[in-house]
file upload.txt (compact mmCIF, C-alpha atoms)
# COMPACT_ATOMS: atom_id res chain seq x y z
CA MET D 1 -56.37 25.78 -2.72
CA TYR D 2 -52.67 25.07 -2.97
CA GLU D 3 -49.85 27.32 -1.73
CA ILE D 4 -46.79 27.97 -3.90
CA ASN D 5 -44.28 27.13 -1.16
CA GLU D 6 -45.96 23.76 -0.60
CA VAL D 7 -45.74 23.03 -4.31
CA MET D 8 -42.07 24.09 -4.35
CA ALA D 9 -41.34 21.75 -1.43
CA LEU D 10 -43.02 18.99 -3.45
CA VAL D 11 -40.93 19.86 -6.54
CA PHE D 12 -37.74 19.71 -4.49
CA GLY D 13 -38.94 16.42 -3.04
CA VAL D 14 -39.47 15.03 -6.58
CA ILE D 15 -36.00 16.17 -7.69
CA GLY D 16 -34.51 14.59 -4.59
CA LEU D 17 -36.45 11.38 -5.18
CA VAL D 18 -35.33 11.15 -8.82
CA LEU D 19 -31.73 11.74 -7.78
CA LEU D 20 -32.01 9.24 -4.95
CA LEU D 21 -33.48 6.52 -7.20
CA THR D 22 -30.85 7.20 -9.91
CA PHE D 23 -28.01 7.02 -7.39
CA LEU D 24 -29.44 3.88 -5.82
CA LYS D 25 -29.87 2.24 -9.24
CA LYS D 26 -26.27 3.03 -10.18
CA GLY D 27 -25.04 1.91 -6.77
CA LEU D 28 -23.61 5.35 -6.03
CA VAL D 29 -25.29 5.54 -2.64
CA PRO D 30 -25.80 2.70 -0.17
CA TRP D 31 -29.19 1.07 0.16
CA ASN D 32 -30.25 1.99 3.70
CA VAL D 33 -33.81 0.71 3.90
CA TYR D 34 -34.81 2.75 6.97
CA LEU D 35 -33.42 6.08 5.82
CA VAL D 36 -34.74 5.64 2.26
CA SER D 37 -38.14 4.76 3.73
CA ALA D 38 -37.97 7.92 5.89
CA TYR D 39 -37.30 9.97 2.76
CA CYS D 40 -40.20 8.38 0.88
CA ILE D 41 -42.57 8.98 3.82
CA ILE D 42 -41.53 12.64 4.05
CA PHE D 43 -42.09 12.90 0.31
CA ALA D 44 -45.57 11.36 0.79
CA SER D 45 -46.30 13.94 3.47
CA ASN D 46 -45.44 16.68 0.92
CA VAL D 47 -47.93 15.09 -1.49
CA PHE D 48 -50.57 14.98 1.23
CA THR D 49 -49.87 18.65 2.06
CA VAL D 50 -50.58 19.68 -1.54
CA ALA D 51 -53.49 17.26 -1.88
CA GLU D 52 -55.25 18.62 1.22
CA GLY D 53 -55.61 21.96 -0.56
CA PHE D 54 -57.87 20.33 -3.18
CA PHE D 55 -59.92 17.63 -1.49
CA LEU D 56 -60.36 15.59 1.72
CA TYR D 57 -58.61 18.18 3.81
CA THR D 58 -59.12 16.42 7.15
CA LEU D 59 -57.89 13.05 5.96
CA PHE D 60 -54.82 14.35 4.13
CA ASN D 61 -53.98 16.71 6.95
CA PHE D 62 -54.04 13.81 9.38
CA LEU D 63 -52.00 11.63 7.01
CA GLU D 64 -49.44 14.41 6.59
CA HIS D 65 -48.76 14.54 10.32
CA ALA D 66 -48.99 10.78 10.75
CA ALA D 67 -46.38 10.50 8.02
CA TYR D 68 -44.06 12.63 10.13
CA LEU D 69 -44.39 10.22 13.02
CA ALA D 70 -43.70 7.28 10.70
CA ALA D 71 -40.67 9.10 9.24
CA ALA D 72 -39.41 9.76 12.77
CA ALA D 73 -39.72 6.06 13.60
CA CYS D 74 -37.87 5.08 10.40
CA THR D 75 -35.14 7.64 11.14
CA LEU D 76 -34.70 6.27 14.65
CA ALA D 77 -34.54 2.70 13.28
CA GLY D 78 -32.01 3.85 10.65
CA VAL D 79 -29.86 5.57 13.26
CA ILE D 80 -29.93 2.50 15.54
CA ALA D 81 -29.08 0.20 12.61
CA TYR D 82 -26.23 2.45 11.52
CA ALA D 83 -24.90 2.74 15.06
CA ARG D 84 -24.88 -1.06 15.29
CA GLY D 85 -23.03 -1.25 11.98
CA ARG D 86 -25.85 -2.99 10.13
CA ALA D 87 -26.83 -0.12 7.86
CA MET J 1 -58.75 16.79 15.49
CA GLU J 2 -56.30 19.61 16.25
CA MET J 3 -55.31 17.85 19.46
CA GLN J 4 -54.65 14.59 17.60
CA ILE J 5 -52.33 16.43 15.23
CA VAL J 6 -50.56 18.07 18.16
CA ILE J 7 -50.09 14.62 19.74
CA LEU J 8 -48.78 13.21 16.46
CA ASN J 9 -46.27 16.05 16.13
CA ALA J 10 -45.25 15.79 19.78
CA ALA J 11 -44.68 12.08 19.36
CA SER J 12 -42.60 12.72 16.21
CA LEU J 13 -40.64 15.35 18.10
CA CYS J 14 -39.87 12.87 20.87
CA VAL J 15 -38.75 10.16 18.42
CA PHE J 16 -36.62 12.63 16.43
CA SER J 17 -35.10 13.86 19.70
CA ALA J 18 -34.20 10.29 20.60
CA SER J 19 -32.54 9.88 17.17
CA LEU J 20 -30.62 13.13 17.58
CA PHE J 21 -29.52 12.12 21.08
CA LEU J 22 -28.30 8.77 19.76
CA VAL J 23 -26.38 10.42 16.90
CA ILE J 24 -24.67 12.86 19.26
CA LYS J 25 -23.92 10.12 21.80
CA LYS J 26 -22.44 7.73 19.25
CA THR J 27 -20.28 10.35 17.51
CA PRO J 28 -17.43 9.79 16.76
CA GLU J 29 -17.44 6.21 18.06
CA ARG J 30 -19.98 4.95 15.49
CA PHE J 31 -20.84 7.98 13.37
CA ARG J 32 -18.15 9.86 11.45
CA THR J 33 -18.32 13.62 12.03
CA ASP J 34 -19.62 14.52 8.56
CA THR J 35 -22.24 11.75 8.57
CA ALA J 36 -23.39 12.85 12.02
CA THR J 37 -23.58 16.47 10.83
CA PHE J 38 -25.81 15.68 7.85
CA LEU J 39 -27.97 13.34 9.92
CA SER J 40 -28.33 15.95 12.66
CA CYS J 41 -29.30 18.60 10.10
CA ILE J 42 -32.00 16.34 8.65
CA ILE J 43 -33.38 15.53 12.09
CA ALA J 44 -33.21 19.18 13.16
CA LEU J 45 -35.14 20.27 10.04
CA LEU J 46 -37.89 17.75 10.71
CA MET J 47 -37.98 18.69 14.40
CA PHE J 48 -38.40 22.30 13.37
CA VAL J 49 -41.42 21.36 11.23
CA ASN J 50 -42.93 19.41 14.15
CA THR J 51 -42.35 22.25 16.59
CA SER J 52 -43.81 24.78 14.18
CA ASN J 53 -46.92 22.62 13.75
CA ILE J 54 -47.35 22.21 17.51
CA LEU J 55 -47.03 25.96 18.14
CA GLU J 56 -49.45 26.71 15.31
CA ARG J 57 -52.09 24.16 16.41
CA LEU J 58 -51.89 25.29 20.01
CA GLN J 59 -52.37 28.83 18.69
CA ILE J 60 -49.22 30.05 20.43
CA THR J 61 -47.59 31.49 17.32
CA ASN J 62 -47.56 30.85 13.59
CA ILE J 63 -44.43 32.83 12.70
CA PHE J 64 -42.50 29.62 11.94
CA ASP J 65 -45.16 28.38 9.52
CA PHE J 66 -43.63 30.47 6.71
CA PHE J 67 -40.26 28.68 7.09
CA GLU J 68 -41.68 25.16 7.34
CA ASP J 69 -41.67 24.59 3.61
CA TYR J 70 -38.12 25.90 3.30
CA ALA J 71 -37.07 23.29 5.81
CA GLU J 72 -38.82 20.66 3.70
CA MET J 73 -37.03 21.96 0.59
CA LEU J 74 -33.64 21.57 2.27
CA PHE J 75 -34.45 18.06 3.43
CA PRO J 76 -33.74 16.25 0.06
CA LEU J 77 -30.42 18.08 -0.30
CA PHE J 78 -29.18 17.02 3.12
CA PHE J 79 -30.52 13.54 2.59
CA ILE J 80 -28.50 12.97 -0.62
CA MET J 81 -25.42 14.42 1.08
CA LEU J 82 -25.94 12.06 4.03
CA LEU J 83 -26.09 8.99 1.78
CA ASN J 84 -22.99 10.15 -0.10
CA SER J 85 -21.15 10.59 3.17
CA ILE J 86 -22.13 7.06 4.26
CA ARG J 87 -20.96 5.69 0.89
CA LEU J 88 -17.67 7.59 1.13
CA HIS J 89 -16.91 6.10 4.52
CA ALA J 90 -17.91 2.63 3.36
CA ASP J 91 -15.45 3.03 0.45
CA ILE J 92 -12.70 4.22 2.80
CA ASP J 93 -13.32 1.29 5.16
CA ARG J 94 -13.27 -1.17 2.26
CA ARG J 95 -10.04 0.33 0.90
CA LYS J 96 -8.40 0.19 4.33
CA LYS J 97 -9.39 -3.46 4.63
CA THR J 98 -7.95 -4.20 1.18
CA GLU J 99 -4.72 -2.34 2.01
CA ALA J 100 -4.36 -4.31 5.25
CA GLU J 101 -4.88 -7.56 3.32
CA LEU J 102 -2.34 -6.53 0.66
CA ASP J 103 0.12 -5.55 3.37
CA ARG J 104 -0.29 -8.93 5.04
CA MET J 105 0.21 -10.74 1.72
CA LEU J 106 3.29 -8.66 0.94
CA ARG J 107 4.82 -9.43 4.33
CA GLU J 108 4.06 -13.11 3.85
CA ARG J 109 5.68 -13.06 0.41
CA SER J 110 8.74 -11.22 1.71
CA GLU J 111 9.15 -13.74 4.53
CA LEU J 112 8.85 -16.59 2.05
CA LEU J 113 11.37 -15.02 -0.32
CA MET J 114 13.77 -14.40 2.55
CA GLU J 115 13.44 -18.03 3.59
CA VAL J 116 14.15 -19.17 0.03
CA HIS J 117 17.31 -17.05 -0.17
CA HIS J 118 18.37 -18.29 3.24
CA ARG J 119 17.98 -21.89 2.12
CA VAL J 120 19.81 -21.24 -1.16
CA LYS J 121 22.70 -19.76 0.80
CA ASN J 122 22.66 -22.68 3.28
CA ASN J 123 22.63 -25.24 0.48
CA LEU J 124 25.54 -23.50 -1.23
CA GLN J 125 27.39 -23.49 2.10
CA ILE J 126 26.78 -27.25 2.36
CA VAL J 127 28.25 -27.74 -1.13
CA ILE J 128 31.27 -25.64 -0.09
CA SER J 129 31.68 -27.70 3.10
CA ILE J 130 31.50 -30.97 1.14
CA LEU J 131 34.14 -29.73 -1.32
CA ASN J 132 36.27 -28.58 1.58
CA LEU J 133 36.03 -31.97 3.29
CA GLN J 134 36.86 -33.77 0.07
CA ARG J 135 39.83 -31.48 -0.46
CA LYS J 136 41.14 -32.24 3.01
CA GLN J 137 40.64 -35.98 2.60
CA ALA J 138 42.28 -36.12 -0.82
CA GLU J 139 45.93 -36.94 -1.20
CA THR J 140 48.15 -33.91 -1.68
CA ASP J 141 47.76 -32.84 -5.26
CA GLU J 142 48.32 -29.16 -5.88
CA THR J 143 46.29 -29.00 -9.10
CA LEU J 144 43.29 -30.77 -7.61
CA ASP J 145 43.54 -28.66 -4.48
CA ARG J 146 43.56 -25.48 -6.53
CA ILE J 147 40.57 -26.59 -8.61
CA LEU J 148 38.60 -27.39 -5.48
CA VAL J 149 39.53 -24.07 -3.82
CA ASP J 150 38.54 -22.18 -6.97
CA THR J 151 35.24 -24.05 -7.14
CA GLU J 152 34.57 -23.35 -3.45
CA ASN J 153 35.26 -19.66 -3.95
CA ARG J 154 33.05 -19.50 -7.03
CA ILE J 155 30.20 -21.08 -5.13
CA TYR J 156 30.89 -18.83 -2.15
CA SER J 157 30.66 -15.74 -4.34
CA MET J 158 27.08 -16.75 -5.16
CA ALA J 159 26.27 -17.62 -1.54
CA ALA J 160 27.67 -14.28 -0.35
CA VAL J 161 25.21 -12.37 -2.53
CA HIS J 162 22.28 -14.38 -1.15
CA GLU J 163 23.55 -13.82 2.39
CA VAL J 164 23.82 -10.06 1.98
CA MET J 165 20.43 -9.99 0.29
CA TYR J 166 18.50 -11.73 3.05
CA ASN J 167 20.36 -9.83 5.76
CA ALA J 168 19.54 -6.52 4.10
CA ARG J 169 15.96 -7.69 3.35
CA HIS J 170 16.16 -5.91 0.01
CA TYR J 171 15.53 -8.18 -2.90
CA SER J 172 15.71 -5.66 -5.67
CA ASP J 173 18.70 -3.57 -4.55
CA ILE J 174 21.55 -5.48 -2.97
CA PRO J 175 24.30 -3.35 -1.37
CA ALA J 176 27.38 -4.27 -3.40
CA GLY J 177 30.04 -3.15 -0.92
CA GLU J 178 29.30 -5.85 1.63
CA PHE J 179 29.38 -8.89 -0.63
CA ILE J 180 32.42 -7.62 -2.55
CA ARG J 181 34.31 -7.36 0.74
CA ASN J 182 33.17 -10.84 1.86
CA ILE J 183 34.11 -12.43 -1.47
CA THR J 184 37.52 -10.75 -1.50
CA GLU J 185 38.28 -11.84 2.07
CA LYS J 186 37.27 -15.41 1.25
CA ALA J 187 39.41 -15.41 -1.90
CA ALA J 188 42.34 -14.01 0.10
CA ALA J 189 41.90 -16.69 2.77
CA GLY J 190 42.05 -19.36 0.05
CA HIS J 191 45.51 -18.15 -0.94
CA ALA J 192 47.01 -17.67 2.50
CA TRP J 193 49.48 -20.44 1.70
CA ARG J 194 51.09 -18.07 -0.84
CA ASP J 195 52.08 -15.40 1.68
CA SER J 196 49.11 -13.42 0.48
CA GLU J 197 48.81 -11.85 3.92
CA LYS J 198 51.56 -9.57 2.68
CA VAL J 199 49.14 -8.26 0.07
CA GLN J 200 47.32 -5.19 1.26
CA THR J 201 43.73 -4.99 0.07
CA VAL J 202 42.10 -1.59 -0.34
CA PHE J 203 38.38 -1.26 -0.87
CA ASN J 204 37.13 1.75 -2.69
CA VAL J 205 33.49 0.81 -3.09
CA ASP J 206 30.78 3.44 -3.16
CA PRO J 207 28.36 2.32 -0.39
CA ALA J 208 25.45 3.72 -2.36
CA VAL J 209 25.90 1.23 -5.19
CA CYS J 210 23.16 -1.38 -5.11
CA LEU J 211 22.69 -4.09 -7.69
CA ARG J 212 19.84 -6.30 -8.80
CA LEU J 213 20.14 -10.03 -8.09
CA GLU J 214 20.68 -10.93 -11.77
CA VAL J 215 23.62 -8.48 -11.86
CA ALA J 216 24.92 -8.99 -8.32
CA ILE J 217 25.73 -12.71 -8.74
CA PRO J 218 27.80 -12.30 -11.95
CA VAL J 219 29.53 -9.25 -10.41
CA GLY J 220 30.32 -11.30 -7.29
CA MET J 221 31.79 -14.06 -9.46
CA LEU J 222 33.74 -11.50 -11.50
CA VAL J 223 35.24 -10.07 -8.32
CA ASN J 224 36.13 -13.57 -7.17
CA GLU J 225 37.87 -14.40 -10.48
CA LEU J 226 39.77 -11.11 -10.63
CA VAL J 227 40.87 -11.24 -7.00
CA THR J 228 41.84 -14.91 -7.27
CA ASN J 229 43.89 -14.17 -10.41
CA ALA J 230 45.60 -11.25 -8.69
CA TYR J 231 46.52 -13.31 -5.64
CA ARG J 232 47.64 -16.24 -7.73
CA HIS J 233 49.57 -14.55 -10.52
CA ALA J 234 50.38 -10.96 -9.59
CA PHE J 235 52.33 -11.58 -6.46
CA PRO J 236 54.95 -14.32 -6.46
CA PRO J 237 55.64 -15.85 -3.03
CA GLY J 238 57.35 -13.37 -0.74
CA ARG J 239 56.52 -10.32 -2.82
CA PRO J 240 54.36 -7.78 -0.98
CA GLY J 241 51.76 -5.90 -2.93
CA ARG J 242 48.63 -3.85 -3.00
CA LEU J 243 45.26 -4.86 -4.41
CA THR J 244 42.64 -2.17 -4.92
CA LEU J 245 38.98 -2.91 -5.52
CA GLY J 246 36.75 -0.12 -6.70
CA LEU J 247 33.08 0.09 -7.59
CA GLY J 248 31.24 3.25 -8.43
CA ILE J 249 28.78 4.80 -10.82
CA GLU J 250 29.94 6.99 -13.69
CA LYS J 251 27.33 8.59 -15.93
CA GLY J 252 24.77 5.92 -15.14
CA THR J 253 27.20 3.06 -15.73
CA ALA J 254 28.73 0.97 -12.97
CA VAL J 255 32.50 0.72 -13.03
CA LEU J 256 34.18 -2.22 -11.33
CA GLU J 257 37.92 -1.87 -11.08
CA VAL J 258 40.42 -4.41 -9.75
CA ARG J 259 43.99 -3.11 -9.75
CA ASP J 260 47.21 -4.58 -8.43
CA ASN J 261 50.82 -3.53 -8.49
CA GLY J 262 52.05 -7.03 -9.23
CA VAL J 263 54.02 -8.50 -12.09
CA GLY J 264 51.29 -7.93 -14.67
CA ILE J 265 50.06 -10.29 -17.39
CA PRO J 266 52.59 -11.00 -20.10
CA GLY J 267 50.97 -10.23 -23.46
CA GLY J 268 47.79 -8.84 -21.86
CA ILE J 269 44.51 -10.64 -21.27
CA SER J 270 44.05 -11.37 -24.96
CA GLY J 271 47.47 -12.94 -25.30
CA ASN J 272 48.10 -16.60 -25.95
CA GLY J 273 48.21 -18.79 -22.92
CA HIS J 274 45.41 -16.89 -21.16
CA ARG J 275 42.50 -18.93 -22.32
CA GLY J 276 41.92 -20.83 -19.07
CA LEU J 277 38.61 -21.32 -17.27
CA GLY J 278 39.12 -18.09 -15.31
CA MET J 279 39.42 -15.99 -18.47
CA LEU J 280 36.51 -17.79 -20.09
CA LEU J 281 34.39 -17.10 -17.00
CA LEU J 282 35.44 -13.43 -16.96
CA ASN J 283 34.30 -12.95 -20.56
CA ASN J 284 31.08 -14.88 -20.08
CA LEU J 285 30.20 -13.06 -16.86
CA ALA J 286 30.92 -9.68 -18.42
CA THR J 287 28.71 -10.57 -21.38
CA GLN J 288 25.97 -11.74 -19.00
CA ILE J 289 25.75 -8.30 -17.37
CA ARG J 290 26.16 -6.57 -20.77
CA GLY J 291 29.52 -5.29 -19.54
CA LYS J 292 32.74 -4.38 -21.26
CA LEU J 293 36.16 -5.60 -20.08
CA GLU J 294 39.08 -3.19 -20.25
CA TYR J 295 42.70 -4.07 -19.51
CA ASP J 296 45.58 -1.81 -18.57
CA GLY J 297 48.99 -3.38 -17.93
CA ASN J 298 50.92 -0.32 -16.77
CA GLY J 299 52.54 -0.84 -13.37
CA GLY J 300 50.74 -4.08 -12.64
CA THR J 301 47.34 -5.15 -13.80
CA ARG J 302 44.25 -3.04 -13.96
CA ILE J 303 41.01 -4.58 -15.13
CA ILE J 304 37.92 -2.48 -15.47
CA VAL J 305 34.42 -3.81 -16.12
CA ARG J 306 31.83 -1.27 -17.15
CA PHE J 307 28.25 -2.45 -17.04
CA PRO J 308 24.81 -0.82 -17.08
CA VAL J 309 22.79 -0.63 -13.86
call {"tool": "encode", "arguments": {"input": "upload.txt", "output": "structure tokens"}}
result
Amino acid sequence: MYEINEVMALVFGVIGLVLLLTFLKKGLVPWNVYLVSAYCIIFASNVFTVAEGFFLYTLFNFLEHAAYLAAAACTLAGVIAYARGRA
Amino acid sequence: MEMQIVILNAASLCVFSASLFLVIKKTPERFRTDTATFLSCIIALLMFVNTSNILERLQITNIFDFFEDYAEMLFPLFFIMLLNSIRLHADIDRRKKTEAELDRMLRERSELLMEVHHRVKNNLQIVISILNLQRKQAETDETLDRILVDTENRIYSMAAVHEVMYNARHYSDIPAGEFIRNITEKAAAGHAWRDSEKVQTVFNVDPAVCLRLEVAIPVGMLVNELVTNAYRHAFPPGRPGRLTLGLGIEKGTAVLEVRDNGVGIPGGISGNGHRGLGMLLLNNLATQIRGKLEYDGNGGTRIIVRFPV
């Protein structure tokens, strides 16, 4: 069964994603592939968190936490790229 | 399974910690303070989620579990702010680069313009030198000599404006006082043979008056004509006198005044017999600067030119 705070986190994630895509499309924010990927992965982890309440708990739970590791890697890559002036 | 999740979270925590360390280390050298703040907040939020998961899975405590989702809710907000901050700094950097380029182009243009004015002045000086040489080589002929001196002085009055302009490095506002003094001294030197050293010259020029190039050259030539006329006609040989040059601003209009206490002009400037080249030039130059010539013959000659600035 789902929890309301998990759904709210997902809703905020969707709002953020819509805003992010709109800003990127209009060129209002820079296209930083690593940081945008990190955002998308965190958003996916929110989806997995909600999904695990309905079916395939073990798989989605694992994916949720694996997504965090992937997001961490993307964030580190983004930070390194930015620090080198390539972001 | 629980252990695998703990390992995953621990690994994430390590990688996030490395990112946070890098951000702190490279601020402010590579990261601007606001960018670093937003990035640190994002990383800290995700680290909090990892830590909470580890503590929960290891059954140490689950009191942070309640706040995990709040952290995830704040994440998109900080993320958008981070990207905006990066964009803002990219814009600032781009603008600074453009400003530096514009500054460089402006300096280059100024240097070029200064060189052009320098060359104009040098070329005019060459013309003056050629006329001077020709005058010295020519057989003594007072009329020819006078024509050549007048021509030299007229050319010099243009060269003097260019000289003052490139020395002052102001192309739009040329300080009038300096070139008026130079032109007057040159005109006086051209009439030294008429005991003009006995003529006292008084300058009453407002140093704040600056003129545009298209006004400065006609004004310079006007001064030359008026001073030359004063030296030539106002003071007969042996007669001492006083020549006053004034330039100021009155109610937004420039007022150029050349006054002498000489013999005056019989019949005034509009009288018959005063239709020489000098008078023609005076009228034309005054018209060129949209000026108005005024004449007063009391106690000598007083000519005033009022023109807009």
call {"tool": "atom_distance", "arguments": {"input": "upload.txt", "atom1": "atom CA of J:Phe307", "atom2": "atom CA of J:Val149"}}
result
27.7 Å
call {"tool": "atom_distance", "arguments": {"input": "upload.txt", "atom1": "atom CA of J:Arg290", "atom2": "atom CA of J:Met221"}}
result
14.7 Å
call {"tool": "interface_residues", "arguments": {"input": "upload.txt", "of": "chain D", "to": "chain J", "cutoff": "7 Å", "atoms": "only C-alpha atoms", "output": "PDB file with C-alpha atoms, in the coordinates of the input"}}
result
ATOM      1  CA  ASN D   5     -44.280  27.130  -1.160  1.00  0.00           C
ATOM      2  CA  GLU D   6     -45.960  23.760  -0.600  1.00  0.00           C
ATOM      3  CA  ALA D   9     -41.340  21.750  -1.430  1.00  0.00           C
ATOM      4  CA  PHE D  12     -37.740  19.710  -4.490  1.00  0.00           C
ATOM      5  CA  GLY D  13     -38.940  16.420  -3.040  1.00  0.00           C
ATOM      6  CA  GLY D  16     -34.510  14.590  -4.590  1.00  0.00           C
ATOM      7  CA  LEU D  20     -32.010   9.240  -4.950  1.00  0.00           C
ATOM      8  CA  VAL D  29     -25.290   5.540  -2.640  1.00  0.00           C
ATOM      9  CA  PRO D  30     -25.800   2.700  -0.170  1.00  0.00           C
ATOM     10  CA  PHE D  62     -54.040  13.810   9.380  1.00  0.00           C
ATOM     11  CA  HIS D  65     -48.760  14.540  10.320  1.00  0.00           C
ATOM     12  CA  ALA D  66     -48.990  10.780  10.750  1.00  0.00           C
ATOM     13  CA  TYR D  68     -44.060  12.630  10.130  1.00  0.00           C
ATOM     14  CA  LEU D  69     -44.390  10.220  13.020  1.00  0.00           C
ATOM     15  CA  ALA D  72     -39.410   9.760  12.770  1.00  0.00           C
ATOM     16  CA  ALA D  73     -39.720   6.060  13.600  1.00  0.00           C
ATOM     17  CA  THR D  75     -35.140   7.640  11.140  1.00  0.00           C
ATOM     18  CA  LEU D  76     -34.700   6.270  14.650  1.00  0.00           C
ATOM     19  CA  VAL D  79     -29.860   5.570  13.260  1.00  0.00           C
ATOM     20  CA  ALA D  83     -24.900   2.740  15.060  1.00  0.00           C
TER      21      ALA D  83
END
call {"tool": "atom_distance", "arguments": {"input": "upload.txt", "atom1": "atom CA of J:Arg232", "atom2": "atom CA of J:Ala138"}}
result
21.7 Å
call {"tool": "residues_around", "arguments": {"input": "upload.txt", "residues": "J:Ala187", "least_positions_apart": "2", "cutoff": "10 Å", "atoms": "only C-alpha atoms", "output": "PyMOL selection string"}}
result
chain J and resi 149-150+152-154+156-157+181-185+189-192+223-229+231
call {"tool": "residues_around", "arguments": {"input": "upload.txt", "residues": "D:Phe60", "least_positions_apart": "3", "cutoff": "7 Å", "atoms": "all atoms listed in the file", "output": "list in words"}}
result
Phe48, Thr49, Ala51, Glu52, Leu56, Tyr57, Leu63 and Glu64 of chain D
call {"tool": "closest_residue", "arguments": {"input": "upload.txt", "among": "D:Ala67, D:Val47, D:Cys40, D:Leu59", "to": "D:Met8", "atoms": "all atoms listed in the file"}}
result
D:Val47
call {"tool": "axis_aligned_box", "arguments": {"input": "upload.txt", "around": "stretch 40-48 of chain D", "padding_each_side": "6 Å", "output": "AutoDock Vina command-line options"}}
result
--center_x -45.4 --center_y 12.5 --center_z 1.3 --size_x 22.4 --size_y 20.3 --size_z 17.5
